[in-house]
>>> print(open('final-v9.txt').read())   # compact mmCIF, C-alpha atoms
# COMPACT_ATOMS: atom_id res chain seq x y z
CA CYS G 1 34.14 79.72 234.23
CA ASN G 2 35.85 79.09 230.89
CA ALA G 3 34.03 80.87 228.09
CA SER G 4 36.38 79.62 225.37
CA TRP G 5 35.55 75.94 225.33
CA PRO G 6 32.27 74.01 225.67
CA ALA G 7 31.76 72.20 229.00
CA THR G 8 33.06 68.65 229.10
CA GLU G 9 30.86 65.70 230.12
CA GLU G 10 32.53 65.61 233.55
CA GLU G 11 31.85 69.31 234.16
CA THR G 12 28.22 68.93 233.06
CA MET G 13 27.74 66.00 235.48
CA ILE G 14 29.15 68.04 238.38
CA ARG G 15 26.79 70.91 237.62
CA LEU G 16 23.78 68.58 237.56
CA ILE G 17 24.81 67.13 240.93
CA VAL G 18 25.07 70.64 242.39
CA ILE G 19 21.63 71.61 241.08
CA VAL G 20 20.03 68.39 242.43
CA ALA G 21 21.72 68.96 245.79
CA VAL G 22 20.32 72.49 245.94
CA MET G 23 16.82 71.25 245.08
CA VAL G 24 16.98 68.50 247.76
CA ALA G 25 18.22 71.01 250.32
CA GLY G 26 15.31 73.29 249.36
CA LEU G 27 12.77 70.49 249.83
CA ILE G 28 14.22 69.62 253.24
CA PHE G 29 14.81 73.03 254.67
CA GLY G 30 12.19 74.95 252.66
CA PRO G 31 9.19 74.27 254.95
CA GLU G 32 11.22 75.18 258.01
CA ALA G 33 12.58 78.29 256.37
CA SER G 34 9.11 79.38 255.25
CA GLY G 35 8.14 80.04 258.87
CA ASN G 36 11.41 81.83 259.52
CA LYS G 37 12.25 83.83 256.44
CA GLY G 38 15.31 85.51 257.90
CA TYR G 39 16.85 88.74 256.72
CA VAL G 40 19.69 89.57 254.24
CA LEU G 41 21.35 93.01 254.09
CA ILE G 42 23.98 93.87 251.52
CA SER G 43 25.71 97.28 251.78
CA LEU G 44 28.09 98.49 249.05
CA GLY G 45 29.22 102.09 249.36
CA ASN G 46 26.14 104.32 249.36
CA TYR G 47 23.94 101.46 248.13
CA THR G 48 22.00 99.07 250.37
CA VAL G 49 20.07 95.95 249.30
CA GLU G 50 17.61 94.24 251.64
CA SER G 51 16.00 90.85 251.03
CA SER G 52 14.69 87.76 252.73
CA VAL G 53 16.91 84.65 252.79
CA THR G 54 14.54 82.77 250.51
CA SER G 55 14.56 85.50 247.87
CA ALA G 56 18.36 85.75 248.02
CA VAL G 57 18.75 82.00 247.46
CA ILE G 58 16.35 82.07 244.51
CA LEU G 59 18.21 85.03 242.97
CA ALA G 60 21.55 83.26 243.41
CA VAL G 61 20.25 80.16 241.65
CA LEU G 62 18.82 82.26 238.80
CA PHE G 63 22.10 84.17 238.50
CA TYR G 64 24.05 80.94 238.30
CA GLY G 65 21.70 79.67 235.60
CA ALA G 66 22.16 82.89 233.66
CA LEU G 67 25.94 82.42 233.82
CA LEU G 68 25.57 78.92 232.38
CA ILE G 69 23.45 80.27 229.50
CA VAL G 70 26.00 83.03 228.77
CA GLU G 71 28.83 80.48 228.85
CA TRP G 72 26.98 78.26 226.34
CA VAL G 73 26.31 81.20 223.98
CA LEU G 74 29.93 82.38 224.10
CA ALA G 75 31.23 78.86 223.53
CA ARG G 76 29.05 78.53 220.44
CA LEU G 77 30.19 81.90 219.11
CA PHE G 78 33.89 81.23 219.62
CA GLY G 79 33.57 77.73 218.20
CA LEU G 80 31.94 79.14 215.07
CA ARG G 81 34.73 81.71 214.77
CA ARG G 82 37.42 79.04 214.98
CA LYS G 83 35.67 76.94 212.37
CA THR G 84 35.32 79.97 210.09
CA GLN G 85 38.99 80.91 210.51
CA GLY G 86 40.02 77.31 209.87
CA TRP G 87 37.94 77.16 206.71
CA PHE G 88 39.34 80.41 205.34
CA GLY G 89 42.91 79.40 206.32
CA SER G 90 42.54 76.04 204.62
CA ARG G 91 41.17 77.72 201.52
CA ARG G 92 44.12 80.15 201.39
CA ARG G 93 46.59 77.28 201.77
CA ARG G 94 44.95 75.31 198.98
CA LYS G 95 45.05 78.37 196.76
CA ALA G 96 48.74 78.98 197.60
CA ASN G 97 49.60 75.35 196.82
CA LEU G 98 47.79 75.61 193.49
CA GLN G 99 49.67 78.81 192.66
CA THR G 100 52.97 77.08 193.45
CA VAL G 101 52.10 74.14 191.20
CA ASN G 102 51.10 76.50 188.36
CA ALA G 103 54.31 78.47 188.89
CA THR G 104 56.37 75.27 188.57
CA LEU G 105 54.64 74.45 185.30
CA ALA G 106 55.18 78.00 184.05
CA MET G 107 58.90 77.72 184.89
CA ALA G 108 59.15 74.48 182.94
CA GLU G 109 57.53 76.17 179.93
CA GLY G 110 59.81 79.21 180.16
CA HIS G 111 57.08 81.67 181.23
CA TYR G 112 59.28 83.28 183.85
CA ASN G 113 57.28 86.45 184.49
CA GLN G 114 54.12 84.48 185.21
CA ALA G 115 56.02 81.97 187.34
CA GLU G 116 57.58 84.71 189.47
CA LYS G 117 54.22 86.39 190.14
CA LEU G 118 52.56 83.13 191.15
CA LEU G 119 55.42 82.13 193.45
CA ILE G 120 55.39 85.44 195.31
CA LYS G 121 51.59 85.47 195.60
CA GLY G 122 51.64 81.98 197.05
CA ALA G 123 54.53 82.58 199.46
CA ASP G 124 52.48 84.30 202.23
CA ASN G 125 50.03 81.42 202.65
CA SER G 126 52.27 78.56 201.57
CA ASP G 127 53.24 75.81 204.00
CA THR G 128 56.80 76.16 202.65
CA PRO G 129 57.44 79.85 201.83
CA LEU G 130 61.20 79.14 201.86
CA LEU G 131 60.84 76.96 198.77
CA ASN G 132 58.69 79.62 197.06
CA TYR G 133 61.39 82.23 197.50
CA LEU G 134 64.14 79.87 196.36
CA SER G 135 62.18 79.06 193.21
CA ALA G 136 61.52 82.76 192.67
CA ALA G 137 65.27 83.40 192.93
CA ARG G 138 65.94 80.82 190.21
CA VAL G 139 63.27 82.41 188.03
CA ALA G 140 64.86 85.84 188.49
CA GLN G 141 68.21 84.28 187.59
CA ALA G 142 66.72 82.87 184.39
CA ARG G 143 65.41 86.34 183.55
CA GLY G 144 68.86 87.83 184.17
CA ASP G 145 67.62 89.96 187.08
CA ASP G 146 70.38 89.63 189.68
CA VAL G 147 68.92 92.26 192.01
CA ARG G 148 65.58 90.47 192.39
CA ARG G 149 67.36 87.15 192.68
CA ASP G 150 69.35 88.34 195.67
CA HIS G 151 66.21 89.97 197.15
CA TYR G 152 64.33 86.67 197.07
CA LEU G 153 67.28 84.86 198.62
CA GLN G 154 67.27 87.43 201.42
CA LYS G 155 63.53 86.82 201.94
CA ALA G 156 64.24 83.09 202.08
CA GLN G 157 66.85 83.65 204.78
CA GLU G 158 64.38 85.75 206.78
CA GLU G 159 61.96 82.82 206.64
CA ASN G 160 64.61 80.46 208.01
CA PRO G 161 67.62 82.20 209.60
CA LYS G 162 69.14 78.83 210.55
CA ALA G 163 69.57 77.93 206.86
CA GLU G 164 72.18 80.65 206.25
CA LEU G 165 74.90 78.27 205.01
CA ALA G 166 72.60 76.41 202.62
CA LEU G 167 71.13 79.64 201.25
CA THR G 168 74.57 81.20 200.79
CA LEU G 169 75.70 78.14 198.83
CA ILE G 170 72.60 78.41 196.65
CA GLN G 171 73.39 82.06 196.02
CA THR G 172 77.04 81.37 195.14
CA GLN G 173 76.01 78.55 192.78
CA LEU G 174 73.60 80.90 191.01
CA GLN G 175 76.36 83.50 190.77
CA ILE G 176 78.70 80.91 189.27
CA GLU G 177 76.06 79.95 186.71
CA GLN G 178 75.67 83.65 185.90
CA GLY G 179 79.44 84.11 185.48
CA GLN G 180 79.76 86.35 188.56
CA TYR G 181 82.91 84.60 189.73
CA ASP G 182 84.40 87.43 191.78
CA SER G 183 81.24 87.82 193.89
CA ALA G 184 80.95 84.07 194.35
CA LEU G 185 84.61 83.74 195.33
CA GLY G 186 84.32 86.42 198.01
CA ARG G 187 81.49 84.57 199.75
CA LEU G 188 83.05 81.14 199.25
CA GLU G 189 86.34 82.17 200.82
CA SER G 190 84.46 83.35 203.94
CA ILE G 191 82.56 80.06 204.14
CA TYR G 192 85.70 78.02 203.45
CA ALA G 193 87.46 79.62 206.43
CA LEU G 194 84.73 78.20 208.70
CA ASN G 195 83.99 74.98 206.78
CA PRO G 196 87.26 73.85 205.14
CA ARG G 197 85.99 70.30 204.51
CA HIS G 198 82.48 71.06 203.29
CA PRO G 199 82.05 69.13 199.98
CA MET G 200 79.79 71.71 198.35
CA VAL G 201 82.06 74.60 199.29
CA LEU G 202 85.08 72.79 197.85
CA ASP G 203 83.26 71.88 194.64
CA GLN G 204 82.08 75.44 194.08
CA LEU G 205 85.62 76.70 194.66
CA ARG G 206 86.75 74.22 192.00
CA GLN G 207 84.25 75.70 189.54
CA VAL G 208 85.37 79.26 190.30
CA TYR G 209 89.09 78.48 190.08
CA LEU G 210 88.59 76.72 186.75
CA ALA G 211 86.63 79.66 185.35
CA ARG G 212 89.20 82.17 186.60
CA GLU G 213 92.09 79.90 185.50
CA ASP G 214 93.57 80.14 188.97
CA TRP G 215 95.73 77.06 188.45
CA ALA G 216 97.84 77.36 191.58
CA ALA G 217 94.75 77.49 193.82
CA LEU G 218 93.23 74.57 191.92
CA ILE G 219 96.36 72.45 192.43
CA ASP G 220 96.21 73.12 196.18
CA LEU G 221 92.47 72.30 196.25
CA ALA G 222 92.60 68.98 194.36
CA PRO G 223 93.70 66.75 197.32
CA ALA G 224 90.89 68.13 199.52
CA LEU G 225 88.34 67.45 196.78
CA ARG G 226 89.56 63.85 196.63
CA LYS G 227 89.35 63.41 200.42
CA VAL G 228 85.71 64.56 200.63
CA GLY G 229 84.69 62.33 197.73
CA LYS G 230 84.10 65.02 195.11
CA LEU G 231 86.81 63.53 192.85
CA THR G 232 87.89 59.99 192.09
CA ALA G 233 91.59 59.21 191.77
CA GLN G 234 91.31 59.37 187.97
CA GLN G 235 89.40 62.66 188.10
CA GLU G 236 91.99 64.14 190.45
CA GLU G 237 94.77 63.15 188.06
CA THR G 238 92.91 64.67 185.11
CA LEU G 239 92.27 67.88 187.04
CA LEU G 240 95.91 68.16 188.06
CA HIS G 241 97.00 67.60 184.45
CA GLN G 242 94.72 70.40 183.35
CA ALA G 243 95.92 72.70 186.13
CA TRP G 244 99.63 72.08 185.52
CA CYS G 245 99.18 72.47 181.77
CA GLY G 246 97.40 75.73 182.51
CA ARG G 247 100.27 76.90 184.70
CA LEU G 248 102.76 76.00 182.00
CA GLU G 249 100.71 77.88 179.41
CA ALA G 250 100.48 80.92 181.67
CA ALA G 251 104.26 80.83 182.17
CA SER G 252 105.13 80.34 178.50
CA GLY G 253 105.97 83.98 177.93
CA SER G 254 109.63 83.43 178.75
CA LEU G 255 111.97 80.47 179.06
CA ASP G 256 113.09 81.36 182.59
CA THR G 257 109.55 81.57 183.95
CA LEU G 258 108.57 78.36 182.15
CA ARG G 259 111.55 76.46 183.53
CA THR G 260 110.80 77.70 187.06
CA VAL G 261 107.25 76.40 186.91
CA TRP G 262 108.44 73.07 185.52
CA GLN G 263 110.91 72.63 188.35
CA GLY G 264 108.08 73.34 190.79
CA LEU G 265 106.16 70.27 189.62
CA PRO G 266 106.35 67.18 191.84
CA ARG G 267 108.75 64.56 190.50
CA LYS G 268 105.90 62.20 189.62
CA GLN G 269 104.22 64.91 187.53
CA ARG G 270 107.44 65.70 185.66
CA GLN G 271 107.52 62.07 184.48
CA ASP G 272 103.98 62.15 183.16
CA PRO G 273 103.88 61.91 179.32
CA VAL G 274 101.03 64.42 179.00
CA LEU G 275 102.86 67.06 181.02
CA LEU G 276 106.17 66.23 179.34
CA ALA G 277 104.49 66.78 175.98
CA SER G 278 102.92 70.05 177.16
CA TYR G 279 106.20 71.41 178.54
CA GLY G 280 108.17 70.37 175.44
CA ASP G 281 105.60 72.03 173.15
CA ARG G 282 106.07 75.31 174.99
CA LEU G 283 109.85 75.00 174.87
CA ARG G 284 109.57 74.46 171.13
CA ARG G 285 107.39 77.56 170.70
CA LEU G 286 110.06 79.60 172.47
CA GLY G 287 112.74 78.24 170.14
CA ALA G 288 114.26 75.79 172.61
CA ASP G 289 113.83 72.76 170.32
CA ALA G 290 117.12 71.16 171.41
CA GLU G 291 116.08 71.38 175.09
CA ALA G 292 112.71 69.81 174.26
CA ALA G 293 114.49 67.03 172.28
CA ASP G 294 116.76 66.19 175.21
CA LEU G 295 113.79 66.11 177.58
CA TRP G 296 111.68 63.88 175.34
CA LEU G 297 114.48 61.50 174.41
CA GLU G 298 115.39 60.98 178.06
CA ALA G 299 111.73 60.23 178.86
CA LEU G 300 111.46 57.81 175.91
CA ARG G 301 114.48 55.86 177.12
CA LYS G 302 112.62 55.16 180.38
CA ASP G 303 109.08 54.80 179.07
CA PRO G 304 108.29 54.77 175.30
CA SER G 305 105.16 56.88 174.86
CA PRO G 306 103.13 57.39 171.65
CA GLU G 307 102.34 60.87 173.01
CA LEU G 308 106.00 61.84 172.63
CA PHE G 309 106.77 59.83 169.47
CA ALA G 310 104.22 61.86 167.53
CA ARG G 311 105.93 65.12 168.56
CA LEU G 312 109.53 64.30 167.66
CA PRO G 313 109.17 65.14 163.93
CA LYS G 314 108.00 68.67 164.86
CA LEU G 315 111.40 69.59 166.30
CA LYS G 316 113.88 71.63 164.30
CA LEU G 317 117.40 70.46 165.14
CA ASP G 318 120.90 70.84 163.79
CA ASP G 319 121.66 67.19 164.46
CA TYR G 320 119.02 64.44 164.31
CA GLN G 321 121.46 61.57 164.81
CA PRO G 322 120.83 61.01 168.57
CA MET G 323 117.11 60.87 167.83
CA LEU G 324 117.57 58.44 164.92
CA THR G 325 119.79 56.19 167.03
CA LEU G 326 117.22 55.94 169.84
CA LEU G 327 114.28 55.42 167.47
CA ARG G 328 116.05 52.58 165.70
CA LYS G 329 116.68 50.89 169.07
CA ILE G 330 113.01 51.03 170.07
CA GLN G 331 111.59 50.72 166.56
CA ASP G 332 109.23 47.94 167.62
CA GLN G 333 107.33 50.24 170.04
CA PRO G 334 103.92 51.58 168.87
CA GLY G 335 104.41 54.86 167.06
CA ALA G 336 108.21 54.63 166.96
CA GLU G 337 108.54 53.52 163.33
CA ALA G 338 106.25 56.27 162.01
CA ALA G 339 108.29 58.81 163.97
CA LEU G 340 111.53 57.30 162.63
CA ALA G 341 110.28 57.60 159.04
CA ARG G 342 109.49 61.32 159.42
CA VAL G 343 112.75 62.05 161.27
CA CYS G 344 114.69 60.33 158.46
CA LEU G 345 113.03 62.82 156.10
CA LEU G 346 114.13 65.72 158.32
CA ALA G 347 117.68 64.30 158.39
CA GLY G 348 117.75 64.02 154.59
CA GLN G 349 117.82 60.21 154.55
CA LEU G 350 115.28 59.98 151.71
CA ASP G 351 115.65 56.27 150.90
CA ASP G 352 115.03 55.18 154.48
CA ALA G 353 112.25 57.74 154.81
CA GLN G 354 110.42 56.57 151.68
CA ARG G 355 110.74 52.90 152.58
CA LEU G 356 109.49 53.34 156.12
CA LEU G 357 106.67 55.72 155.09
CA GLU G 358 105.39 53.32 152.45
CA GLN G 359 105.42 50.51 155.00
CA GLU G 360 103.47 52.62 157.49
CA VAL G 361 100.77 53.82 155.07
CA ALA G 362 100.32 50.23 153.95
CA LYS G 363 99.54 49.29 157.57
CA ALA G 364 97.30 52.28 158.34
CA PRO G 365 96.74 55.22 155.98
CA ASP G 366 97.41 58.51 157.73
CA ALA G 367 97.27 62.12 156.54
CA ALA G 368 100.60 63.08 158.15
CA LEU G 369 102.39 60.09 156.60
CA TYR G 370 101.01 60.79 153.12
CA HIS G 371 102.06 64.41 153.48
CA ALA G 372 105.58 63.26 154.43
CA LEU G 373 105.64 61.00 151.35
CA GLY G 374 104.68 64.00 149.25
CA GLN G 375 107.63 65.88 150.69
CA VAL G 376 109.95 62.98 149.85
CA MET G 377 108.74 63.03 146.24
CA ASP G 378 109.15 66.80 146.10
CA LYS G 379 112.78 66.46 147.16
CA ARG G 380 113.21 63.81 144.46
CA ARG G 381 111.57 66.24 141.99
CA LEU G 382 108.75 63.78 141.27
CA THR G 383 106.05 66.47 141.17
CA ASN G 384 103.14 64.34 139.90
CA LYS G 385 103.75 61.67 142.51
CA ALA G 386 104.11 64.31 145.18
CA ASN G 387 100.79 65.91 144.21
CA GLU G 388 99.08 62.51 144.37
CA TYR G 389 100.30 61.97 147.94
CA TYR G 390 99.26 65.49 148.93
CA ARG G 391 95.72 64.84 147.58
CA GLN G 392 95.49 61.63 149.60
CA ALA G 393 96.64 63.50 152.69
CA LEU G 394 93.94 66.15 152.18
CA GLN G 395 91.26 63.51 151.69
CA LEU G 396 92.21 61.75 154.92
CA ALA G 397 92.31 65.06 156.76
CA ASP G 398 88.78 65.93 155.42
CA VAL G 399 90.02 69.28 154.16
>>> encode(input="final-v9.txt", output="structure tokens")
Amino acid sequence: CNASWPATEEETMIRLIVIVAVMVAGLIFGPEASGNKGYVLISLGNYTVESSVTSAVILAVLFYGALLIVEWVLARLFGLRRKTQGWFGSRRRRKANLQTVNATLAMAEGHYNQAEKLLIKGADNSDTPLLNYLSAARVAQARGDDVRRDHYLQKAQEENPKAELALTLIQTQLQIEQGQYDSALGRLESIYALNPRHPMVLDQLRQVYLAREDWAALIDLAPALRKVGKLTAQQEETLLHQAWCGRLEAASGSLDTLRTVWQGLPRKQRQDPVLLASYGDRLRRLGADAEAADLWLEALRKDPSPELFARLPKLKLDDYQPMLTLLRKIQDQPGAEAALARVCLLAGQLDDAQRLLEQEVAKAPDAALYHALGQVMDKRRLTNKANEYYRQALQLADV
């Protein structure tokens, strides 16, 4: 018999049929058996039991009835136990869920110690202990406790070993947010070897390379980021500009190193006005103004760019005539006339410089142009007029 579950309706019906059959058999064969009681002998080891057939049948029926009673009692007891366990389990789950909710509210209010305690208390009975441990890791991160953060992430992985990749990416993102770039990079490189096209892995590598100013690695990574949809075409171009400018800045300690990096740029990048401006600025800082002038003038002949026009007057040259000649040819381009006016000043052509500068400030007042006019007046020894232009330049510059 099954003592764990109450009898079903089918089982109860069968038992009733058996009992009725026994009673009918007793009514039929009872009178005949009463005149012939028979004899039953049971021998078990050194024990012997003797009884009439009638007594044995009655004892068997009573024994069977006792078994049914015991089965009913046990079923009731075990049923009560299951209900009790279910009630206590449900109560613990409700309490754990409430603790998780309160922990979330405490996190939002910045009560990190309280939030951490509630999350850990609720983890054992929570329906989602993995989420409790992940939240606890973020709380530990907010408290600056890296050791406990990693401990909770380990507990989360023990709860769900199949989520190793996701949990590792959560850990590396937390490390990035904490500025632990070397630790994050070590894990990311291992993941990248197995998942070279995983969008989250690539994006986290981008964050690490930017923080570490690893421009060469970032340049190699940019096309993959575009392919997996983490960058648009415009964002990829912006990122590459930043990376190449970073490489140029890192190589600006010597002219030879700087030139080598520049020659390593793809042809398309070497024609980009932003990168041309960045490279020329670094040439100028190293005293190679003439080289920067040749580079910029060649670029302006192909594609007049305001980005480069604004930089021409910063160059210190022995001969400004090639620059003046080109600027006069493309004087109608935006920014060209203002550049021409300031280059005329550098070349000592004061009349042309004053005329052009006055025309430009009449169109759009500008601090740099007023300052240049002040310089013209200084060279003409018109001190009061020069001071007036300098004041206007300062006002426009908000100094």
>>> closest_residue(input="final-v9.txt", among="G:Val139, G:Ala156, G:Ala243, G:Leu131", to="Arg212 (chain G)", atoms="all atoms listed in the file")
G:Ala243
>>> atom_distance(input="final-v9.txt", atom1="CA of Asn125 (chain G)", atom2="CA of Arg94 (chain G)")
8.8 Å
>>> residues_around(input="final-v9.txt", residues="His151 (chain G)", least_positions_apart="2", cutoff="12 Å", atoms="all atoms listed in the file", output="count of residues only")
20
>>> residues_around(input="final-v9.txt", residues="region 325-330 of chain G", least_positions_apart="5", cutoff="12 Å", atoms="all atoms listed in the file", output="PyMOL selection string")
chain G and resi 293-294+296-306+308-310+312-313+319-320+335-344+352+356
>>> residues_near_point(input="final-v9.txt", point="(90.8, 64.4, 192.0)", cutoff="9 Å", atoms="only C-alpha atoms", output="list in words")
Ala222, Pro223, Ala224, Leu225, Arg226, Lys227, Gly229, Lys230, Leu231, Thr232, Ala233, Gln234, Gln235, Glu236, Glu237, Thr238, Leu239 and Leu240 of chain G
>>> residues_around(input="final-v9.txt", residues="Val101 (chain G)", least_positions_apart="4", cutoff="12 Å", atoms="all atoms listed in the file", output="list in words")
Arg94, Lys95, Ala96, Asn97, Leu105, Ala106, Met107, Ala108, Ala115, Leu118, Leu119, Gly122, Ser126, Leu131, Asn132 and Ser135 of chain G
>>> closest_residue(input="final-v9.txt", among="G:Pro334, G:Gly246, G:Pro365, G:Pro322", to="Val261 (chain G)", atoms="all atoms listed in the file")
G:Gly246
>>> atom_distance(input="final-v9.txt", atom1="CA of Ala353 (chain G)", atom2="CA of Ala397 (chain G)")
21.3 Å
>>> atom_distance(input="final-v9.txt", atom1="CA of Gly374 (chain G)", atom2="CA of Lys316 (chain G)")
19.2 Å
>>> residues_near_point(input="final-v9.txt", point="(108.1, 64.0, 151.9)", cutoff="12 Å", atoms="only C-alpha atoms", output="PyMOL selection string")
chain G and resi 341-358+367-383+385-390+393
>>> closest_residue(input="final-v9.txt", among="G:Ala216, G:Gly280, G:Asp272, G:Glu116", to="Ala250 (chain G)", atoms="only C-alpha atoms")
G:Ala216
>>> residues_around(input="final-v9.txt", residues="Trp215 (chain G)", least_positions_apart="2", cutoff="9 Å", atoms="all atoms listed in the file", output="list in words")
Tyr209, Leu210, Arg212, Glu213, Ala217, Leu218, Ile219, Asp220, Leu240, Gln242, Ala243, Trp244, Cys245, Gly246 and Arg247 of chain G
